[in-house]
$ cat entry-v4.cif   # mmCIF, C-alpha atoms
data_protein
#
loop_
_atom_site.group_PDB
_atom_site.id
_atom_site.type_symbol
_atom_site.label_atom_id
_atom_site.label_comp_id
_atom_site.auth_asym_id
_atom_site.auth_seq_id
_atom_site.Cartn_x
_atom_site.Cartn_y
_atom_site.Cartn_z
ATOM 1 C CA MET A 1 -15.282 13.795 -46.943
ATOM 2 C CA ALA A 2 -12.126 13.293 -49.003
ATOM 3 C CA THR A 3 -12.651 16.605 -50.793
ATOM 4 C CA PHE A 4 -12.946 18.354 -47.434
ATOM 5 C CA LYS A 5 -9.599 16.895 -46.326
ATOM 6 C CA CYS A 6 -7.991 18.006 -49.588
ATOM 7 C CA LEU A 7 -9.437 21.485 -49.118
ATOM 8 C CA VAL A 8 -8.058 21.731 -45.580
ATOM 9 C CA LEU A 9 -4.647 20.497 -46.751
ATOM 10 C CA SER A 10 -4.524 23.006 -49.612
ATOM 11 C CA LEU A 11 -5.497 25.856 -47.237
ATOM 12 C CA PHE A 12 -2.748 24.815 -44.828
ATOM 13 C CA ILE A 13 -0.143 24.778 -47.595
ATOM 14 C CA ALA A 14 -1.310 28.177 -48.906
ATOM 15 C CA LEU A 15 -1.148 29.721 -45.427
ATOM 16 C CA SER A 16 2.342 28.281 -44.949
ATOM 17 C CA PHE A 17 3.580 30.023 -48.073
ATOM 18 C CA LEU A 18 1.831 33.268 -47.125
ATOM 19 C CA GLY A 19 3.376 33.144 -43.655
ATOM 20 C CA GLY A 20 6.839 32.782 -45.174
ATOM 21 C CA GLU A 21 6.241 35.774 -47.434
ATOM 22 C CA ALA A 22 5.027 37.884 -44.508
ATOM 23 C CA ALA A 23 8.140 37.003 -42.510
ATOM 24 C CA ARG A 24 10.347 37.885 -45.457
ATOM 25 C CA ASN A 25 8.604 41.285 -45.792
ATOM 26 C CA LEU A 26 9.098 41.984 -42.092
ATOM 27 C CA LEU A 27 12.796 41.153 -42.335
ATOM 28 C CA GLN A 28 13.250 43.557 -45.240
ATOM 29 C CA LEU A 29 11.916 46.601 -43.323
ATOM 30 C CA PRO A 30 14.582 49.200 -42.417
ATOM 31 C CA ASN A 31 15.689 49.376 -38.808
ATOM 32 C CA LEU A 32 13.663 52.164 -37.189
ATOM 33 C CA PRO A 33 15.037 54.015 -34.134
ATOM 34 C CA LYS A 34 13.303 53.077 -30.908
ATOM 35 C CA PRO A 35 11.401 55.952 -29.264
ATOM 36 C CA PRO A 36 12.865 57.038 -25.907
ATOM 37 C CA LEU A 37 10.892 56.146 -22.821
ATOM 38 C CA PRO A 38 9.409 59.030 -20.801
ATOM 39 C CA PRO A 39 11.079 59.628 -17.417
ATOM 40 C CA LEU A 40 9.436 58.043 -14.407
ATOM 41 C CA PRO A 41 7.766 60.453 -11.969
ATOM 42 C CA SER A 42 9.465 60.887 -8.615
ATOM 43 C CA ILE A 43 7.789 59.541 -5.494
ATOM 44 C CA PRO A 44 6.943 62.348 -3.038
ATOM 45 C CA SER A 45 8.136 61.911 0.533
ATOM 46 C CA LEU A 46 5.422 61.567 3.161
ATOM 47 C CA PRO A 47 5.534 63.613 6.380
ATOM 48 C CA GLN A 48 6.613 61.630 9.434
ATOM 49 C CA PRO A 49 4.168 61.993 12.357
ATOM 50 C CA ALA A 50 5.628 62.623 15.814
ATOM 51 C CA LEU A 51 5.147 59.576 18.053
ATOM 52 C CA PRO A 52 4.831 59.953 21.835
ATOM 53 C CA ALA A 53 7.638 58.462 23.904
ATOM 54 C CA LEU A 54 6.956 55.009 25.314
ATOM 55 C CA PRO A 55 7.155 54.619 29.120
ATOM 56 C CA THR A 56 10.210 52.719 30.303
ATOM 57 C CA THR A 57 8.614 51.282 33.480
ATOM 58 C CA GLN A 58 5.338 49.455 33.855
ATOM 59 C CA PRO A 59 2.817 51.179 36.133
ATOM 60 C CA SER A 60 1.749 49.090 39.127
ATOM 61 C CA LEU A 61 -1.771 47.734 39.084
ATOM 62 C CA PRO A 62 -4.090 47.935 42.120
ATOM 63 C CA LYS A 63 -4.355 44.756 44.195
ATOM 64 C CA PRO A 64 -7.888 43.312 44.159
ATOM 65 C CA ASN A 65 -9.517 42.391 47.466
ATOM 66 C CA LEU A 66 -10.911 38.876 47.143
ATOM 67 C CA PRO A 67 -13.303 37.326 49.672
ATOM 68 C CA PRO A 68 -12.014 34.184 51.413
ATOM 69 C CA LEU A 69 -12.860 30.876 49.807
ATOM 70 C CA PRO A 70 -15.665 28.865 51.431
ATOM 71 C CA SER A 71 -14.598 25.754 53.292
ATOM 72 C CA LEU A 72 -15.346 22.389 51.735
ATOM 73 C CA PRO A 73 -17.911 20.194 53.448
ATOM 74 C CA THR A 74 -16.522 17.058 55.042
ATOM 75 C CA MET A 75 -17.404 13.741 53.470
ATOM 76 C CA PRO A 76 -19.088 11.120 55.645
ATOM 77 C CA ALA A 77 -16.949 8.096 56.431
ATOM 78 C CA LEU A 78 -17.617 4.992 54.320
ATOM 79 C CA PRO A 79 -18.826 1.893 56.182
ATOM 80 C CA ALA A 80 -16.290 -0.903 56.546
ATOM 81 C CA VAL A 81 -16.589 -3.599 53.872
ATOM 82 C CA PRO A 82 -15.990 -7.159 55.041
ATOM 83 C CA LYS A 83 -13.117 -8.925 53.291
ATOM 84 C CA ALA A 84 -14.154 -11.790 51.076
ATOM 85 C CA THR A 85 -12.396 -15.075 51.623
ATOM 86 C CA LEU A 86 -11.830 -17.306 48.627
ATOM 87 C CA PRO A 87 -11.558 -21.084 48.769
ATOM 88 C CA PRO A 88 -8.099 -22.480 47.979
ATOM 89 C CA LEU A 89 -7.370 -23.407 44.371
ATOM 90 C CA PRO A 90 -7.411 -27.106 43.503
ATOM 91 C CA SER A 91 -4.047 -28.722 42.935
ATOM 92 C CA MET A 92 -2.975 -29.370 39.364
ATOM 93 C CA PRO A 93 -3.114 -32.999 38.321
ATOM 94 C CA THR A 94 0.134 -34.471 37.062
ATOM 95 C CA LEU A 95 0.245 -35.372 33.381
ATOM 96 C CA PRO A 96 1.193 -38.934 32.509
ATOM 97 C CA THR A 97 4.535 -39.342 30.760
ATOM 98 C CA VAL A 98 4.425 -40.418 27.115
ATOM 99 C CA VAL A 99 7.334 -42.828 27.341
ATOM 100 C CA PRO A 100 7.375 -44.988 30.422
ATOM 101 C CA LYS A 101 10.568 -44.843 32.402
ATOM 102 C CA GLY A 102 13.028 -47.550 31.515
ATOM 103 C CA ALA A 103 11.755 -48.004 27.912
ATOM 104 C CA THR A 104 14.160 -47.258 25.052
ATOM 105 C CA LEU A 105 13.319 -45.772 21.683
ATOM 106 C CA PRO A 106 14.136 -47.638 18.476
ATOM 107 C CA PRO A 107 17.224 -46.363 16.568
ATOM 108 C CA LEU A 108 16.751 -43.885 13.692
ATOM 109 C CA PRO A 109 17.066 -45.286 10.163
ATOM 110 C CA SER A 110 20.454 -44.668 8.585
ATOM 111 C CA MET A 111 20.936 -42.666 5.381
ATOM 112 C CA PRO A 112 22.277 -44.456 2.300
ATOM 113 C CA PRO A 113 25.961 -43.700 1.665
ATOM 114 C CA LEU A 114 26.766 -40.935 -0.859
ATOM 115 C CA PRO A 115 28.854 -41.741 -3.941
ATOM 116 C CA PRO A 116 32.511 -40.721 -3.421
ATOM 117 C CA VAL A 117 32.771 -38.519 -6.585
ATOM 118 C CA VAL A 118 29.892 -36.674 -8.190
ATOM 119 C CA PRO A 119 30.147 -36.820 -12.015
ATOM 120 C CA LYS A 120 30.267 -33.382 -13.715
ATOM 121 C CA ALA A 121 27.661 -32.635 -16.338
ATOM 122 C CA THR A 122 28.981 -31.403 -19.660
ATOM 123 C CA LEU A 123 26.864 -28.991 -21.672
ATOM 124 C CA PRO A 124 27.051 -28.502 -25.433
ATOM 125 C CA PRO A 125 28.536 -25.158 -26.539
ATOM 126 C CA LEU A 126 26.104 -22.290 -27.135
ATOM 127 C CA PRO A 127 25.441 -21.363 -30.765
ATOM 128 C CA SER A 128 27.063 -18.096 -31.840
ATOM 129 C CA MET A 129 24.749 -15.099 -32.118
ATOM 130 C CA PRO A 130 24.739 -13.203 -35.415
ATOM 131 C CA SER A 131 26.129 -9.696 -35.051
ATOM 132 C CA ILE A 132 23.716 -6.745 -35.236
ATOM 133 C CA PRO A 133 24.455 -4.498 -38.230
ATOM 134 C CA ASN A 134 25.595 -0.976 -37.338
ATOM 135 C CA ILE A 135 23.069 1.494 -38.769
ATOM 136 C CA PRO A 136 24.202 5.133 -38.694
ATOM 137 C CA ILE A 137 21.711 7.417 -36.915
ATOM 138 C CA PRO A 138 21.518 10.976 -38.301
ATOM 139 C CA THR A 139 22.373 13.634 -35.733
ATOM 140 C CA THR A 140 20.947 16.643 -37.589
ATOM 141 C CA ILE A 141 17.379 17.355 -38.601
ATOM 142 C CA PRO A 142 16.977 18.192 -42.275
ATOM 143 C CA SER A 143 15.619 21.685 -42.841
ATOM 144 C CA ILE A 144 12.303 22.190 -44.596
ATOM 145 C CA PRO A 145 12.544 25.100 -47.096
ATOM 146 C CA PHE A 146 9.337 26.982 -46.265
ATOM 147 C CA LEU A 147 9.864 26.723 -42.466
ATOM 148 C CA SER A 148 13.429 28.048 -42.427
ATOM 149 C CA PRO A 149 14.087 31.834 -42.334
ATOM 150 C CA PRO A 150 15.148 33.568 -45.538
ATOM 151 C CA PRO A 151 18.866 34.235 -46.075
ATOM 152 C CA ALA A 152 20.141 37.506 -44.649
ATOM 153 C CA GLY A 153 20.564 40.181 -47.313
ATOM 154 C CA ASN A 154 23.719 42.327 -47.329
#
$ encode --input "entry-v4.cif" --output "structure tokens"
Amino acid sequence: MATFKCLVLSLFIALSFLGGEAARNLLQLPNLPKPPLPPLPSIPSLPQPALPALPTTQPSLPKPNLPPLPSLPTMPALPAVPKATLPPLPSMPTLPTVVPKGATLPPLPSMPPLPPVVPKATLPPLPSMPSIPNIPIPTTIPSIPFLSPPPAGN
């Protein structure tokens, strides 16, 4: 398996060098004049057919003669329904009161008095943080020799 990986790597490197040589050969070809494009054919004009004039007024349509509508049959009268009488609702009972009238509630307990001055808590100072070293970050990408184009020849 390791020999296969080495074989693939060596083929990749060989093709990279061959690709660079092919690009260099293409760049060294003389500039050939571009052939002129043939002229485009003209589009023939189509004959315009004569259209008849549209009428400006709408012709009147004949009025249809409709037979009269049949009369609706009358519905028979409904018999009278006697009104139902309901018994009266019972009266609501009165709820007993929780506290009998004339009784007094006991007084609420009192809160303990607060101290006049609240002492301030003092915290120890925070330890100083070490400073982060400033590492320069490169802004350009280094060029790889076989991926860059060959220098222009004069």
$ closest_residue --input "entry-v4.cif" --among "A:Ser91, A:Pro73, A:Gln28, A:Ala2" --to "Ala152 in chain A" --atoms "all atoms listed in the file"
A:Gln28
$ atom_distance --input "entry-v4.cif" --atom1 "CA of Thr3 in chain A" --atom2 "CA of Phe17 in chain A"
21.2 Å
$ atom_distance --input "entry-v4.cif" --atom1 "CA of Ala14 in chain A" --atom2 "CA of Pro142 in chain A"
21.9 Å
$ axis_aligned_box --input "entry-v4.cif" --around "range 57-69 of chain A" --padding-each-side "6 Å" --output "lines of an AutoDock Vina configuration file"
center_x = -2.3
center_y = 41.1
center_z = 42.4
size_x = 33.9
size_y = 32.4
size_z = 29.9
$ build_atoms --input "entry-v4.cif" --residues "range 117-128 of chain A" --atoms "all heavy atoms" --output "short mmCIF file (atom, residue, chain, number, x, y, z; two decimals), in the frame of the given file"
data_model
loop_
_atom_site.label_atom_id
_atom_site.label_comp_id
_atom_site.auth_asym_id
_atom_site.auth_seq_id
_atom_site.Cartn_x
_atom_site.Cartn_y
_atom_site.Cartn_z
N VAL A 117 32.51 -39.62 -5.65
CA VAL A 117 32.77 -38.52 -6.58
C VAL A 117 31.49 -38.28 -7.38
O VAL A 117 30.90 -39.21 -7.92
CB VAL A 117 33.94 -38.87 -7.54
CG1 VAL A 117 34.15 -37.76 -8.56
CG2 VAL A 117 35.20 -39.15 -6.76
N VAL A 118 31.08 -37.02 -7.43
CA VAL A 118 29.89 -36.67 -8.19
C VAL A 118 30.32 -36.40 -9.63
O VAL A 118 31.23 -35.60 -9.87
CB VAL A 118 29.21 -35.42 -7.59
CG1 VAL A 118 27.99 -35.02 -8.39
CG2 VAL A 118 28.84 -35.69 -6.15
N PRO A 119 29.73 -37.08 -10.63
CA PRO A 119 30.15 -36.82 -12.02
C PRO A 119 29.71 -35.41 -12.44
O PRO A 119 28.66 -34.93 -12.05
CB PRO A 119 29.41 -37.89 -12.82
CG PRO A 119 28.23 -38.26 -11.97
CD PRO A 119 28.67 -38.08 -10.54
N LYS A 120 30.56 -34.72 -13.23
CA LYS A 120 30.27 -33.38 -13.72
C LYS A 120 29.48 -33.49 -15.01
O LYS A 120 29.79 -34.31 -15.86
CB LYS A 120 31.55 -32.60 -13.96
CG LYS A 120 32.25 -32.21 -12.68
CD LYS A 120 33.31 -31.19 -12.95
CE LYS A 120 33.90 -30.73 -11.63
NZ LYS A 120 34.80 -29.63 -11.82
N ALA A 121 28.48 -32.65 -15.13
CA ALA A 121 27.66 -32.64 -16.34
C ALA A 121 28.34 -31.75 -17.38
O ALA A 121 28.82 -30.66 -17.06
CB ALA A 121 26.28 -32.10 -16.02
N THR A 122 28.40 -32.21 -18.59
CA THR A 122 28.98 -31.40 -19.66
C THR A 122 27.85 -30.90 -20.53
O THR A 122 26.95 -31.64 -20.90
CB THR A 122 29.95 -32.24 -20.50
OG1 THR A 122 29.26 -33.38 -21.03
CG2 THR A 122 31.13 -32.72 -19.66
N LEU A 123 27.89 -29.61 -20.86
CA LEU A 123 26.86 -28.99 -21.67
C LEU A 123 27.41 -28.74 -23.07
O LEU A 123 28.60 -28.44 -23.23
CB LEU A 123 26.42 -27.66 -21.05
CG LEU A 123 25.77 -27.76 -19.67
CD1 LEU A 123 25.50 -26.37 -19.13
CD2 LEU A 123 24.48 -28.55 -19.75
N PRO A 124 26.56 -28.82 -24.09
CA PRO A 124 27.05 -28.50 -25.43
C PRO A 124 27.33 -27.00 -25.53
O PRO A 124 26.76 -26.21 -24.81
CB PRO A 124 25.88 -28.91 -26.34
CG PRO A 124 24.67 -28.83 -25.46
CD PRO A 124 25.15 -29.21 -24.09
N PRO A 125 28.24 -26.59 -26.43
CA PRO A 125 28.54 -25.16 -26.54
C PRO A 125 27.33 -24.40 -27.09
O PRO A 125 26.51 -24.93 -27.83
CB PRO A 125 29.71 -25.11 -27.52
CG PRO A 125 29.60 -26.38 -28.29
CD PRO A 125 29.02 -27.40 -27.37
N LEU A 126 27.22 -23.12 -26.68
CA LEU A 126 26.10 -22.29 -27.14
C LEU A 126 26.33 -21.88 -28.59
O LEU A 126 27.46 -21.64 -29.00
CB LEU A 126 26.01 -21.02 -26.27
CG LEU A 126 25.61 -21.25 -24.81
CD1 LEU A 126 25.69 -19.93 -24.06
CD2 LEU A 126 24.20 -21.81 -24.72
N PRO A 127 25.25 -21.80 -29.37
CA PRO A 127 25.44 -21.36 -30.76
C PRO A 127 25.83 -19.88 -30.78
O PRO A 127 25.44 -19.11 -29.91
CB PRO A 127 24.07 -21.58 -31.40
CG PRO A 127 23.11 -21.56 -30.26
CD PRO A 127 23.86 -22.11 -29.08
N SER A 128 26.61 -19.49 -31.77
CA SER A 128 27.06 -18.10 -31.84
C SER A 128 25.91 -17.23 -32.34
O SER A 128 25.15 -17.61 -33.21
CB SER A 128 28.26 -17.98 -32.78
OG SER A 128 27.87 -18.35 -34.08
#
